[in-house]
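Okay, protein.txt now, which holds compact mmCIF, C-alpha atoms and all ligand atoms:
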# COMPACT_ATOMS: atom_id res chain seq x y z
CA MET Z 1 -89.61 105.01 180.59
CA GLU Z 2 -89.88 104.94 176.78
CA LYS Z 3 -87.40 107.23 175.10
CA SER Z 4 -90.02 108.28 172.57
CA HIS Z 5 -92.25 109.82 175.27
CA LEU Z 6 -89.79 112.55 176.12
CA ILE Z 7 -89.88 116.13 174.91
CA LYS Z 8 -86.86 116.99 172.78
CA THR Z 9 -87.79 120.44 171.57
CA LEU Z 10 -90.58 123.00 171.23
CA ARG Z 11 -91.12 125.20 168.20
CA ALA Z 12 -93.69 127.95 167.78
CA ARG Z 13 -94.80 130.33 165.08
CA GLU Z 14 -97.37 132.98 164.26
CA VAL Z 15 -100.24 131.73 162.10
CA LEU Z 16 -103.51 133.45 161.22
CA ASP Z 17 -106.87 132.79 162.82
CA CYS Z 18 -110.16 133.05 160.91
CA ARG Z 19 -110.49 136.75 161.80
CA GLY Z 20 -107.18 137.37 160.10
CA ASP Z 21 -105.34 138.07 163.35
CA PRO Z 22 -102.12 136.34 164.34
CA THR Z 23 -102.18 133.54 166.88
CA VAL Z 24 -99.77 131.03 168.40
CA GLU Z 25 -99.07 127.61 166.88
CA VAL Z 26 -96.89 125.24 168.91
CA ASP Z 27 -95.01 122.11 167.84
CA VAL Z 28 -93.91 119.67 170.53
CA ILE Z 29 -91.37 117.16 169.21
CA THR Z 30 -90.32 114.04 171.09
CA ASP Z 31 -86.86 112.54 170.89
CA SER Z 32 -88.14 109.87 168.53
CA GLY Z 33 -89.31 112.64 166.19
CA ILE Z 34 -93.06 112.42 166.93
CA LEU Z 35 -94.89 115.74 166.48
CA GLY Z 36 -97.81 117.25 168.37
CA ARG Z 37 -99.06 120.54 166.88
CA ALA Z 38 -101.74 122.80 168.29
CA ASP Z 39 -103.21 126.22 167.42
CA VAL Z 40 -104.58 128.67 169.96
CA PRO Z 41 -108.03 130.23 169.37
CA ALA Z 42 -109.01 133.74 170.52
CA GLY Z 43 -112.17 135.40 171.78
CA LYS Z 44 -113.72 138.78 171.09
CA SER Z 45 -116.62 138.79 173.51
CA THR Z 46 -114.17 137.86 176.27
CA GLY Z 47 -114.75 137.59 180.02
CA LEU Z 48 -113.00 139.87 182.48
CA HIS Z 49 -111.60 136.94 184.47
CA GLU Z 50 -110.09 134.95 181.62
CA ALA Z 51 -106.42 133.98 181.70
CA SER Z 52 -104.40 136.72 180.10
CA GLU Z 53 -103.19 136.43 176.51
CA LEU Z 54 -99.93 138.11 175.59
CA ARG Z 55 -100.05 140.49 172.59
CA ASP Z 56 -97.08 142.52 171.40
CA GLY Z 57 -98.70 145.95 171.09
CA ARG Z 58 -97.15 148.62 168.82
CA SER Z 59 -98.10 148.92 165.16
CA ARG Z 60 -97.25 145.48 163.74
CA TYR Z 61 -100.47 143.52 163.14
CA LEU Z 62 -102.23 146.50 164.80
CA GLY Z 63 -100.76 145.49 168.14
CA LYS Z 64 -102.00 141.90 167.95
CA GLY Z 65 -98.71 140.18 167.12
CA VAL Z 66 -97.76 137.24 169.33
CA ARG Z 67 -93.99 137.23 168.95
CA LYS Z 68 -93.44 137.66 172.69
CA ALA Z 69 -95.64 134.64 173.44
CA ILE Z 70 -93.70 132.65 170.84
CA GLN Z 71 -90.42 133.69 172.36
CA ASN Z 72 -91.71 132.51 175.74
CA VAL Z 73 -92.52 129.11 174.21
CA THR Z 74 -89.16 128.65 172.52
CA GLU Z 75 -86.85 130.34 175.03
CA VAL Z 76 -88.49 129.85 178.42
CA ILE Z 77 -91.07 127.04 178.43
CA GLY Z 78 -89.33 124.84 175.84
CA PRO Z 79 -85.93 124.52 177.49
CA ALA Z 80 -87.60 123.96 180.88
CA LEU Z 81 -89.80 121.13 179.55
CA VAL Z 82 -87.05 119.21 177.73
CA GLY Z 83 -86.88 115.60 178.95
CA ARG Z 84 -90.44 115.59 180.34
CA ASP Z 85 -92.82 112.79 179.41
CA VAL Z 86 -95.60 113.94 177.04
CA THR Z 87 -97.98 111.34 178.48
CA GLN Z 88 -97.77 113.08 181.87
CA GLN Z 89 -100.10 115.95 180.96
CA ARG Z 90 -100.86 117.07 184.48
CA SER Z 91 -97.26 117.26 185.64
CA CYS Z 92 -96.30 119.22 182.48
CA ASP Z 93 -99.23 121.62 183.02
CA GLU Z 94 -98.51 122.09 186.72
CA PHE Z 95 -94.88 122.75 185.90
CA MET Z 96 -95.87 125.51 183.44
CA ILE Z 97 -98.27 127.05 185.97
CA GLU Z 98 -95.40 127.24 188.47
CA LEU Z 99 -92.98 128.56 185.89
CA ASP Z 100 -95.40 131.37 185.11
CA GLY Z 101 -96.16 132.04 188.76
CA THR Z 102 -99.08 134.46 188.25
CA GLU Z 103 -102.76 133.89 189.00
CA ASN Z 104 -103.85 134.61 185.39
CA LYS Z 105 -100.81 133.37 183.41
CA SER Z 106 -99.92 136.92 182.45
CA LYS Z 107 -96.15 136.49 182.74
CA LEU Z 108 -95.62 133.88 180.02
CA GLY Z 109 -99.03 134.44 178.40
CA ALA Z 110 -102.01 132.09 178.51
CA ASN Z 111 -101.78 131.85 174.70
CA ALA Z 112 -98.21 130.51 175.02
CA ILE Z 113 -99.03 128.08 177.84
CA VAL Z 114 -102.26 126.70 176.38
CA GLY Z 115 -100.60 126.13 173.00
CA VAL Z 116 -97.92 124.02 174.67
CA SER Z 117 -100.46 122.20 176.84
CA LEU Z 118 -102.57 121.17 173.84
CA ALA Z 119 -99.54 120.29 171.69
CA ILE Z 120 -98.28 118.01 174.49
CA ALA Z 121 -101.65 116.20 174.54
CA LYS Z 122 -101.55 115.75 170.78
CA ALA Z 123 -97.93 114.52 170.88
CA ALA Z 124 -98.90 111.99 173.56
CA ALA Z 125 -101.79 110.68 171.45
CA ASN Z 126 -99.45 110.38 168.47
CA VAL Z 127 -96.81 108.59 170.53
CA LEU Z 128 -99.43 106.17 171.84
CA GLN Z 129 -100.88 105.86 168.32
CA ILE Z 130 -104.42 106.52 169.49
CA PRO Z 131 -106.77 109.43 168.74
CA LEU Z 132 -106.65 112.35 171.16
CA TYR Z 133 -110.17 111.65 172.43
CA LYS Z 134 -109.15 108.13 173.48
CA HIS Z 135 -106.00 109.46 175.12
CA LEU Z 136 -108.17 111.80 177.20
CA ALA Z 137 -111.10 109.47 177.91
CA GLY Z 138 -109.29 106.16 178.21
CA SER Z 139 -110.94 103.02 176.94
CA GLN Z 140 -114.75 103.10 177.22
CA ASP Z 141 -117.57 100.91 175.85
CA LYS Z 142 -119.43 103.96 174.53
CA TYR Z 143 -118.34 107.46 173.60
CA PHE Z 144 -120.78 110.36 173.38
CA LEU Z 145 -121.02 112.34 170.17
CA PRO Z 146 -122.13 115.82 171.25
CA ILE Z 147 -125.33 117.65 170.40
CA PRO Z 148 -124.29 120.58 168.17
CA ILE Z 149 -125.49 124.00 169.35
CA LEU Z 150 -125.93 125.84 166.05
CA ASP Z 151 -125.59 129.63 166.11
CA TYR Z 152 -127.81 130.54 163.14
CA ILE Z 153 -128.54 134.24 163.76
CA GLU Z 154 -125.81 136.41 165.24
CA GLY Z 155 -125.79 139.66 167.12
CA GLY Z 156 -123.90 141.37 169.92
CA LYS Z 157 -120.16 141.76 169.47
CA ILE Z 158 -119.68 139.05 166.89
CA ALA Z 159 -121.82 140.29 163.98
CA SER Z 160 -122.89 143.57 162.38
CA THR Z 161 -126.55 143.36 163.29
CA ASP Z 162 -128.79 145.34 165.61
CA LEU Z 163 -129.60 142.30 167.73
CA ASP Z 164 -128.40 142.72 171.32
CA PHE Z 165 -128.17 139.05 172.21
CA GLN Z 166 -125.13 137.40 170.70
CA GLU Z 167 -126.29 134.00 169.49
CA HIS Z 168 -129.75 132.70 168.55
CA GLN Z 169 -129.13 128.98 168.30
CA THR Z 170 -131.00 125.91 167.11
CA VAL Z 171 -130.40 122.52 168.73
CA PRO Z 172 -131.13 119.25 166.84
CA PHE Z 173 -131.49 117.20 170.02
CA GLY Z 174 -134.00 114.77 168.45
CA ALA Z 175 -131.58 113.29 165.88
CA LYS Z 176 -130.72 109.62 166.16
CA SER Z 177 -127.02 110.16 165.54
CA PHE Z 178 -124.51 112.98 165.21
CA SER Z 179 -124.45 112.58 161.42
CA GLU Z 180 -128.23 112.85 161.31
CA ALA Z 181 -128.00 116.00 163.44
CA MET Z 182 -125.68 117.43 160.78
CA VAL Z 183 -128.14 116.59 157.99
CA MET Z 184 -130.95 118.27 159.93
CA GLY Z 185 -128.75 121.22 160.87
CA SER Z 186 -127.56 121.80 157.32
CA GLU Z 187 -131.06 121.57 155.82
CA VAL Z 188 -132.48 124.03 158.35
CA TYR Z 189 -129.53 126.40 157.86
CA HIS Z 190 -130.17 126.61 154.11
CA GLU Z 191 -133.95 126.88 154.47
CA LEU Z 192 -133.46 129.65 157.03
CA GLY Z 193 -131.22 131.48 154.55
CA LYS Z 194 -133.98 131.37 151.94
CA MET Z 195 -136.61 132.62 154.37
CA LEU Z 196 -134.40 135.41 155.70
CA GLU Z 197 -133.55 136.59 152.21
CA LYS Z 198 -137.25 136.78 151.35
CA LYS Z 199 -138.32 138.57 154.50
CA TRP Z 200 -135.27 140.59 155.55
CA GLY Z 201 -133.50 141.14 152.22
CA LYS Z 202 -130.46 139.66 150.51
CA HIS Z 203 -128.00 141.25 152.94
CA SER Z 204 -129.30 138.82 155.55
CA LEU Z 205 -127.13 136.21 153.88
CA ASN Z 206 -123.96 137.94 155.05
CA VAL Z 207 -122.65 135.88 157.91
CA GLY Z 208 -121.05 136.77 161.23
CA VAL Z 209 -117.82 135.35 162.55
CA GLU Z 210 -119.37 132.01 163.58
CA GLY Z 211 -121.24 131.66 160.26
CA GLY Z 212 -124.65 132.82 161.53
CA TYR Z 213 -126.85 135.03 159.34
CA SER Z 214 -127.03 138.75 160.04
CA PRO Z 215 -130.46 140.10 158.99
CA PRO Z 216 -130.37 143.92 158.71
CA GLY Z 217 -133.03 145.68 160.73
CA MET Z 218 -133.80 142.73 163.00
CA THR Z 219 -133.70 143.98 166.59
CA ASP Z 220 -135.99 141.61 168.48
CA PRO Z 221 -134.82 138.13 169.56
CA ARG Z 222 -138.41 136.98 168.99
CA GLN Z 223 -138.04 137.68 165.29
CA ALA Z 224 -134.92 135.52 165.20
CA PHE Z 225 -136.58 132.64 167.05
CA GLU Z 226 -139.80 132.87 165.01
CA ILE Z 227 -138.03 132.55 161.68
CA GLU Z 228 -135.74 129.78 162.98
CA LEU Z 229 -138.82 127.84 164.08
CA SER Z 230 -140.44 128.41 160.66
CA ALA Z 231 -137.39 126.92 158.93
CA ILE Z 232 -137.42 123.95 161.32
CA LYS Z 233 -141.13 123.39 160.63
CA GLU Z 234 -140.72 123.77 156.88
CA MET Z 235 -138.10 121.01 156.88
CA GLY Z 236 -140.41 118.72 158.89
CA TYR Z 237 -138.37 118.75 162.11
CA GLU Z 238 -140.85 120.23 164.56
CA GLY Z 239 -140.29 118.71 168.00
CA LYS Z 240 -136.81 117.50 167.05
CA PHE Z 241 -135.14 120.87 167.54
CA CYS Z 242 -135.27 123.22 170.48
CA LEU Z 243 -133.88 126.74 170.72
CA SER Z 244 -131.02 128.07 172.75
CA MET Z 245 -129.26 131.40 173.16
CA ASP Z 246 -126.09 133.14 174.30
CA ALA Z 247 -127.19 136.52 175.64
CA ALA Z 248 -123.53 137.44 176.44
CA ALA Z 249 -125.04 139.92 178.89
CA SER Z 250 -121.72 141.16 180.32
CA HIS Z 251 -121.41 143.11 177.08
CA LEU Z 252 -124.83 144.72 177.51
CA TYR Z 253 -124.12 145.78 181.09
CA ASN Z 254 -123.34 149.31 182.17
CA ALA Z 255 -121.47 149.06 185.49
CA LYS Z 256 -122.05 152.77 186.23
CA THR Z 257 -125.82 152.53 186.14
CA GLY Z 258 -126.10 148.83 187.05
CA LYS Z 259 -128.43 148.39 184.07
CA TYR Z 260 -128.46 146.53 180.78
CA ASN Z 261 -128.71 148.02 177.28
CA PHE Z 262 -131.51 146.30 175.47
CA ARG Z 263 -133.20 147.47 172.27
CA GLY Z 264 -132.14 151.06 172.69
CA SER Z 265 -132.94 151.58 176.38
CA GLU Z 266 -131.37 150.80 179.72
CA ILE Z 267 -133.31 148.21 181.69
CA SER Z 268 -132.94 146.71 185.14
CA ARG Z 269 -131.86 143.16 185.95
CA ASP Z 270 -135.44 142.32 186.93
CA ALA Z 271 -136.78 143.62 183.62
CA LEU Z 272 -134.21 141.52 181.74
CA ILE Z 273 -135.20 138.43 183.71
CA GLU Z 274 -138.84 139.12 182.80
CA ILE Z 275 -137.84 139.19 179.13
CA TYR Z 276 -136.24 135.76 179.56
CA GLN Z 277 -139.34 134.43 181.33
CA ASP Z 278 -141.47 135.66 178.49
CA LEU Z 279 -139.18 134.10 175.85
CA VAL Z 280 -139.14 130.77 177.68
CA SER Z 281 -142.93 130.69 177.96
CA THR Z 282 -143.41 131.62 174.28
CA PHE Z 283 -140.72 129.54 172.54
CA PRO Z 284 -139.14 126.10 173.03
CA LEU Z 285 -136.10 127.90 174.44
CA ARG Z 286 -134.24 125.40 176.62
CA SER Z 287 -130.89 127.01 177.33
CA ILE Z 288 -129.53 130.50 177.98
CA GLU Z 289 -125.83 131.25 178.27
CA ASP Z 290 -124.70 134.30 180.27
CA PRO Z 291 -128.18 135.75 180.92
CA LEU Z 292 -126.60 138.28 183.29
CA GLN Z 293 -123.25 140.01 183.73
CA GLN Z 294 -120.14 138.17 184.86
CA GLU Z 295 -120.08 139.22 188.54
CA ASP Z 296 -123.72 138.57 189.33
CA TYR Z 297 -123.68 135.13 190.99
CA GLU Z 298 -126.87 135.91 192.94
CA GLY Z 299 -128.66 136.93 189.76
CA PHE Z 300 -127.54 133.73 188.04
CA ALA Z 301 -128.91 131.70 190.96
CA GLU Z 302 -132.21 133.54 190.70
CA VAL Z 303 -132.47 133.00 186.92
CA THR Z 304 -131.56 129.31 187.29
CA LYS Z 305 -134.32 128.83 189.83
CA LYS Z 306 -136.94 130.91 188.05
CA LEU Z 307 -136.50 129.62 184.49
CA GLY Z 308 -135.97 125.90 185.12
CA ILE Z 309 -133.98 125.52 181.89
CA GLN Z 310 -130.26 125.08 181.21
CA ILE Z 311 -128.36 128.18 182.34
CA ILE Z 312 -124.74 128.26 181.20
CA GLY Z 313 -121.91 130.24 182.75
CA ASP Z 314 -119.37 131.48 180.21
CA ASP Z 315 -117.99 134.88 181.28
CA LEU Z 316 -119.23 133.98 184.79
CA PHE Z 317 -117.04 130.86 185.20
CA VAL Z 318 -114.35 131.37 182.52
CA THR Z 319 -113.62 127.60 182.80
CA ASN Z 320 -112.03 128.37 186.17
CA PRO Z 321 -112.62 125.64 188.79
CA LYS Z 322 -112.52 128.26 191.60
CA ARG Z 323 -115.22 130.43 190.07
CA LEU Z 324 -117.22 127.34 189.19
CA GLU Z 325 -117.00 126.07 192.77
CA LYS Z 326 -118.42 129.36 194.03
CA GLY Z 327 -121.23 129.11 191.48
CA ILE Z 328 -122.06 125.54 192.47
CA LYS Z 329 -122.27 126.53 196.16
CA MET Z 330 -124.68 129.34 195.30
CA GLY Z 331 -126.78 127.45 192.74
CA ALA Z 332 -125.66 129.87 190.03
CA ALA Z 333 -126.26 128.27 186.58
CA ASN Z 334 -126.43 124.53 186.00
CA ALA Z 335 -123.98 124.19 183.13
CA LEU Z 336 -120.40 125.16 182.30
CA LEU Z 337 -119.21 126.60 179.00
CA LEU Z 338 -115.76 125.06 178.60
CA LYS Z 339 -113.14 127.00 176.64
CA VAL Z 340 -109.64 125.64 177.21
CA ASN Z 341 -107.90 128.93 176.48
CA GLN Z 342 -110.01 130.78 179.08
CA ILE Z 343 -108.12 128.98 181.84
CA GLY Z 344 -104.89 128.24 179.99
CA THR Z 345 -104.11 124.52 180.47
CA LEU Z 346 -105.87 121.35 179.43
CA SER Z 347 -105.56 119.87 182.95
CA GLU Z 348 -107.37 122.80 184.56
CA ALA Z 349 -110.10 122.61 181.91
CA ILE Z 350 -110.45 118.88 182.67
CA ASP Z 351 -110.73 119.74 186.38
CA ALA Z 352 -113.53 122.19 185.58
CA ALA Z 353 -115.36 119.52 183.52
CA LYS Z 354 -115.01 116.94 186.33
CA LEU Z 355 -116.21 119.39 188.94
CA SER Z 356 -119.23 120.11 186.75
CA PHE Z 357 -120.10 116.46 186.20
CA SER Z 358 -119.77 115.57 189.86
CA ASN Z 359 -122.23 118.35 190.72
CA ASN Z 360 -124.76 117.54 188.00
CA TYR Z 361 -123.77 120.50 185.88
CA GLU Z 362 -123.84 119.98 182.10
CA VAL Z 363 -120.69 120.77 180.07
CA GLN Z 364 -120.84 122.54 176.71
CA VAL Z 365 -117.43 122.62 175.02
CA SER Z 366 -117.07 125.81 173.01
CA GLU Z 367 -115.23 127.37 170.13
CA ARG Z 368 -113.88 130.89 170.36
CA SER Z 369 -115.08 133.39 167.80
CA ALA Z 370 -111.57 133.24 166.27
CA GLN Z 371 -110.60 129.65 165.50
CA THR Z 372 -108.17 128.02 163.10
CA GLU Z 373 -108.48 124.81 161.10
CA ASP Z 374 -107.07 122.82 164.06
CA THR Z 375 -109.56 120.18 165.21
CA TRP Z 376 -108.53 119.54 168.83
CA LEU Z 377 -111.85 121.10 169.90
CA ALA Z 378 -113.84 118.18 168.45
CA GLN Z 379 -111.41 115.65 169.93
CA VAL Z 380 -111.47 117.25 173.38
CA THR Z 381 -115.29 117.34 173.38
CA VAL Z 382 -115.53 113.58 172.86
CA GLY Z 383 -112.55 112.96 175.16
CA LEU Z 384 -114.26 114.79 178.04
CA ASN Z 385 -117.61 113.00 177.54
CA ALA Z 386 -119.23 116.41 177.15
CA LYS Z 387 -122.72 116.16 175.75
CA GLN Z 388 -122.80 119.45 173.85
CA ILE Z 389 -120.49 121.32 171.48
CA LYS Z 390 -120.85 124.93 170.39
CA THR Z 391 -118.90 125.49 167.22
CA GLY Z 392 -120.94 127.76 165.01
CA CYS Z 393 -122.64 127.04 161.70
CA PRO Z 394 -122.07 124.26 159.22
CA CYS Z 395 -120.65 126.72 156.69
CA ARG Z 396 -117.27 128.28 157.53
CA ALA Z 397 -114.21 126.07 157.20
CA GLU Z 398 -112.91 126.60 160.75
CA ARG Z 399 -116.37 125.52 162.03
CA THR Z 400 -116.99 122.67 159.57
CA ALA Z 401 -113.47 121.42 160.43
CA GLN Z 402 -114.84 120.52 163.88
CA TYR Z 403 -118.05 118.98 162.56
CA ASN Z 404 -116.12 116.99 159.96
CA GLU Z 405 -113.77 115.69 162.64
CA LEU Z 406 -116.79 114.59 164.69
CA LEU Z 407 -118.21 112.80 161.63
CA ARG Z 408 -114.88 110.94 161.28
CA ILE Z 409 -114.90 110.04 164.98
CA GLU Z 410 -118.47 108.76 164.69
CA GLU Z 411 -117.49 106.57 161.74
CA GLU Z 412 -114.38 105.28 163.48
CA LEU Z 413 -116.37 104.37 166.62
CA GLY Z 414 -119.16 102.60 164.76
CA SER Z 415 -121.58 101.09 167.27
CA ALA Z 416 -119.56 102.51 170.19
CA ALA Z 417 -120.71 106.02 169.16
CA GLN Z 418 -123.75 107.24 171.03
CA TYR Z 419 -125.52 110.50 170.21
CA SER Z 420 -125.81 112.44 173.44
CA SER Z 421 -128.99 113.33 175.18
CA CYS Z 422 -129.46 116.18 177.62
CA LYS Z 423 -132.10 116.48 180.30
CA PHE Z 424 -132.86 120.08 179.33
CA PHE Z 425 -133.58 119.47 175.65
CA ARG Z 426 -137.03 118.02 175.43
CA ALA Z 427 -139.88 118.60 173.02
P1 LIG O 501 -115.78 134.76 172.13
O1 LIG O 501 -117.36 134.57 172.12
O2 LIG O 501 -115.11 133.55 171.63
O3 LIG O 501 -115.62 135.96 171.23
O4 LIG O 501 -115.39 135.08 173.54
C1 LIG O 501 -118.02 133.35 172.24
C2 LIG O 501 -118.96 133.33 173.41
O5 LIG O 501 -119.23 134.37 174.06
O6 LIG O 501 -119.44 132.25 173.76
ZN ZN O 502 -120.67 133.29 175.56
Rewrite the structure of this file - the entire thing - as structure tokens.
Amino acid sequence: MEKSHLIKTLRAREVLDCRGDPTVEVDVITDSGILGRADVPAGKSTGLHEASELRDGRSRYLGKGVRKAIQNVTEVIGPALVGRDVTQQRSCDEFMIELDGTENKSKLGANAIVGVSLAIAKAAANVLQIPLYKHLAGSQDKYFLPIPILDYIEGGKIASTDLDFQEHQTVPFGAKSFSEAMVMGSEVYHELGKMLEKKWGKHSLNVGVEGGYSPPGMTDPRQAFEIELSAIKEMGYEGKFCLSMDAAASHLYNAKTGKYNFRGSEISRDALIEIYQDLVSTFPLRSIEDPLQQEDYEGFAEVTKKLGIQIIGDDLFVTNPKRLEKGIKMGAANALLLKVNQIGTLSEAIDAAKLSFSNNYEVQVSERSAQTEDTWLAQVTVGLNAKQIKTGCPCRAERTAQYNELLRIEEELGSAAQYSSCKFFRA
């Protein structure tokens, strides 16, 4: 075994995410001095069944400090991992899962464990002197560059608007390459800004946490889709974009009444499904994430069957292979939203992706609403052969960091880069 593959030490520190909250950054250092560094993102519209992140509580950073998680990296996980081979991702991850011993990683903290897991992967790529995506994918003739799912008008918990659904997205599926998708996406984003300003006032140009516009007074998802389609048409891209949406319906659900809050009233599951049917028949809407609340597997199966479009499980699956397996058995959704920190290790996220692919489920790799400038998200997307990435708008640095990394990967791959296609995105 090469000496330089072995872990010598782990360091960790608090850094800030794009919301201005502290998060964990981990350095894995091998005994030849090679560094792997990874930052941990954080959600706001989180699922109930996600792995548990450790926060310090008390007054410092309004309770959001991560000193305990950092201490667990440096004093518990670090010493236990010394001497392990960074190229053996799975055995390192399994070791940490055992060391933690809880179902949801609440003892050591999922934010501590996932930071180490990702830093190990980056150290291994650096040791092997290959990009992370090649370390994960192995050598292939072609690599897919993902279709970007662009969240252009925000609502729900991630923006100060009156829109109930969280993300009203545009999808440049008809581009010839990832870089062309970025040209199209950027042009439409700016045109949309102009149109929103004219129709909904200058405050529309304030952006939510993923960079999407936040038009004041807009309450109807139809208004969001209509103006997005106008911007697409104005730029000459009709038929090359479709629409997509994250309803994030767990956050609209009232467990006491069993109903959903939508546009000021409480409506039943059936009424919500009718709204989706209507949207799908009116607009080129080809994908809905979390149309229903996170426990409703039967409802997801019904929506998947009725709508015949891509239905993505985010809060439903939380990147957890066990929850995904249940969904697959029941026909609930036909795509997985993959967020590495929802499950807490890279190996388990890879298992969830593989389980999806082998059951004909699509995989959309996703940002969290709080990201940092770290670009492992872009690398992991290509490394997993996922065909879609959701990482916000081409305008905030923590989002453009991912797009820029994908542009670099596309350039590096040259003719081995293939822009993804997806069976659900058709004109
Ligand atoms: P989160 O939201 O990162 O705040 O959880 C994103 C999403 O719901 O997809
Ligand atoms: Zn979501």
Within 7 Å of ligand ZN 502 (chain O): each chain Z residue with its shortest pair, only C-alpha atoms and all ligand atoms, as a tab-separated table:
residue	atom	partner	partner_atom	distance
Z:Asp246	CA	O:ZN502	ZN	5.6
Z:Ala248	CA	O:ZN502	ZN	5.1
Z:Glu289	CA	O:ZN502	ZN	6.2
Z:Asp290	CA	O:ZN502	ZN	6.3
Z:Asp314	CA	O:ZN502	ZN	5.2
Z:Asp315	CA	O:ZN502	ZN	6.5
Please build the interface table for chain Z against ligand LIG 501 (chain O) with a cut-off of 10 Å, listing for each qualifying residue the nearest atom pair and the distance in Å to one decimal; count all atoms listed in the file, order rows by chain and increasing number, and write it as CSV.
residue,atom,partner,partner_atom,distance
Z:Pro41,CA,O:LIG501,O2,8.1
Z:Ala42,CA,O:LIG501,O2,6.2
Z:Gly43,CA,O:LIG501,O2,3.5
Z:Lys44,CA,O:LIG501,O3,3.4
Z:Ser45,CA,O:LIG501,O3,3.8
Z:Thr46,CA,O:LIG501,O4,4.1
Z:Gly47,CA,O:LIG501,O4,7.0
Z:Glu50,CA,O:LIG501,O4,9.7
Z:Gly156,CA,O:LIG501,O5,9.4
Z:Lys157,CA,O:LIG501,O3,7.6
Z:Ile158,CA,O:LIG501,O3,6.7
Z:Gln166,CA,O:LIG501,O5,7.4
Z:Glu167,CA,O:LIG501,O6,8.3
Z:Val209,CA,O:LIG501,O3,9.0
Z:Glu210,CA,O:LIG501,C1,8.9
Z:Met245,CA,O:LIG501,O6,9.9
Z:Asp246,CA,O:LIG501,O6,6.7
Z:Ala247,CA,O:LIG501,O5,8.4
Z:Ala248,CA,O:LIG501,O5,5.8
Z:Ala249,CA,O:LIG501,O5,9.4
Z:Ser250,CA,O:LIG501,O5,9.6
Z:His251,CA,O:LIG501,O5,9.5
Z:Glu289,CA,O:LIG501,O6,7.9
Z:Asp290,CA,O:LIG501,O5,8.3
Z:Ile312,CA,O:LIG501,O6,10.0
Z:Gly313,CA,O:LIG501,O6,9.5
Z:Asp314,CA,O:LIG501,O6,6.5
Z:Asp315,CA,O:LIG501,O5,7.3
Z:Val318,CA,O:LIG501,O4,9.8
Z:Leu337,CA,O:LIG501,O6,7.7
Z:Leu338,CA,O:LIG501,O6,9.4
Z:Lys339,CA,O:LIG501,O2,8.5
Z:Asn341,CA,O:LIG501,O2,9.8
Z:Gln342,CA,O:LIG501,O4,8.8
Z:Val365,CA,O:LIG501,O6,9.9
Z:Ser366,CA,O:LIG501,O6,6.9
Z:Glu367,CA,O:LIG501,O2,6.4
Z:Arg368,CA,O:LIG501,O2,3.2
Z:Ser369,CA,O:LIG501,O2,3.8
Z:Ala370,CA,O:LIG501,O2,6.4
Z:Gln371,CA,O:LIG501,O2,8.6
Z:Lys390,CA,O:LIG501,O6,8.2
Z:Thr391,CA,O:LIG501,C1,9.4
Z:Gly392,CA,O:LIG501,C1,9.6
- request: Determine, counting only C-alpha atoms, which protein, DNA and RNA residues have an atom within 10 Å of an atom of Tyr276 of chain Z; residues of the same chain fewer than 6 positions away are not included. Present the result as number ranges by chain.
  value: Z: 247, 270, 282, 285, 288, 291, 303, 306-307
field: Close residues, segment 14-25 of chain Z itself excluded, 9 Å, only C-alpha atoms, min 3 positions apart in chain, as a PyMOL selection string
entry: chain Z and resi 11+37-42+61+64-67+69-70+111-112+115-116+119+209+369-373+397-398
Since we have the selection now, will you write its residues out, keeping C-alpha atoms, as a tab-separated table (two decimals), keeping the file's coordinate frame?
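Written file, part-v1.tsv:
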chain	number	residue	atom	x	y	z
Z	11	ARG	CA	-91.12	125.20	168.20
Z	37	ARG	CA	-99.06	120.54	166.88
Z	38	ALA	CA	-101.74	122.80	168.29
Z	39	ASP	CA	-103.21	126.22	167.42
Z	40	VAL	CA	-104.58	128.67	169.96
Z	41	PRO	CA	-108.03	130.23	169.37
Z	42	ALA	CA	-109.01	133.74	170.52
Z	61	TYR	CA	-100.47	143.52	163.14
Z	64	LYS	CA	-102.00	141.90	167.95
Z	65	GLY	CA	-98.71	140.18	167.12
Z	66	VAL	CA	-97.76	137.24	169.33
Z	67	ARG	CA	-93.99	137.23	168.95
Z	69	ALA	CA	-95.64	134.64	173.44
Z	70	ILE	CA	-93.70	132.65	170.84
Z	111	ASN	CA	-101.78	131.85	174.70
Z	112	ALA	CA	-98.21	130.51	175.02
Z	115	GLY	CA	-100.60	126.13	173.00
Z	116	VAL	CA	-97.92	124.02	174.67
Z	119	ALA	CA	-99.54	120.29	171.69
Z	209	VAL	CA	-117.82	135.35	162.55
Z	369	SER	CA	-115.08	133.39	167.80
Z	370	ALA	CA	-111.57	133.24	166.27
Z	371	GLN	CA	-110.60	129.65	165.50
Z	372	THR	CA	-108.17	128.02	163.10
Z	373	GLU	CA	-108.48	124.81	161.10
Z	397	ALA	CA	-114.21	126.07	157.20
Z	398	GLU	CA	-112.91	126.60	160.75
- prompt: Which residue out of Z:Leu413, Z:Val340, Z:Ala231, Z:Ala125 has the minimum interatomic distance to Gln140 of chain Z when only C-alpha atoms are used?
  reply: Z:Leu413
- request: Check the smallest atom-to-atom distance from each of Z:Thr74, Z:Ser415, Z:Ser91, Z:Ser230 to Asp27 of chain Z using only C-alpha atoms, then report the winner.
  value: Z:Thr74
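Across the model, the gap from atom CA of Ile147 of chain Z to atom CA of Lys122 of chain Z is 23.9 Å.
Distance annotation: of Z:Ile328, Z:Leu163, Z:Ile275, Z:Cys422, the residue with the minimal separation from Pro221 of chain Z is Z:Leu163; atom set is all atoms listed in the file.
Between atom CA of Arg13 of chain Z and atom CA of Ala352 of chain Z the interatomic distance comes to 28.9 Å.
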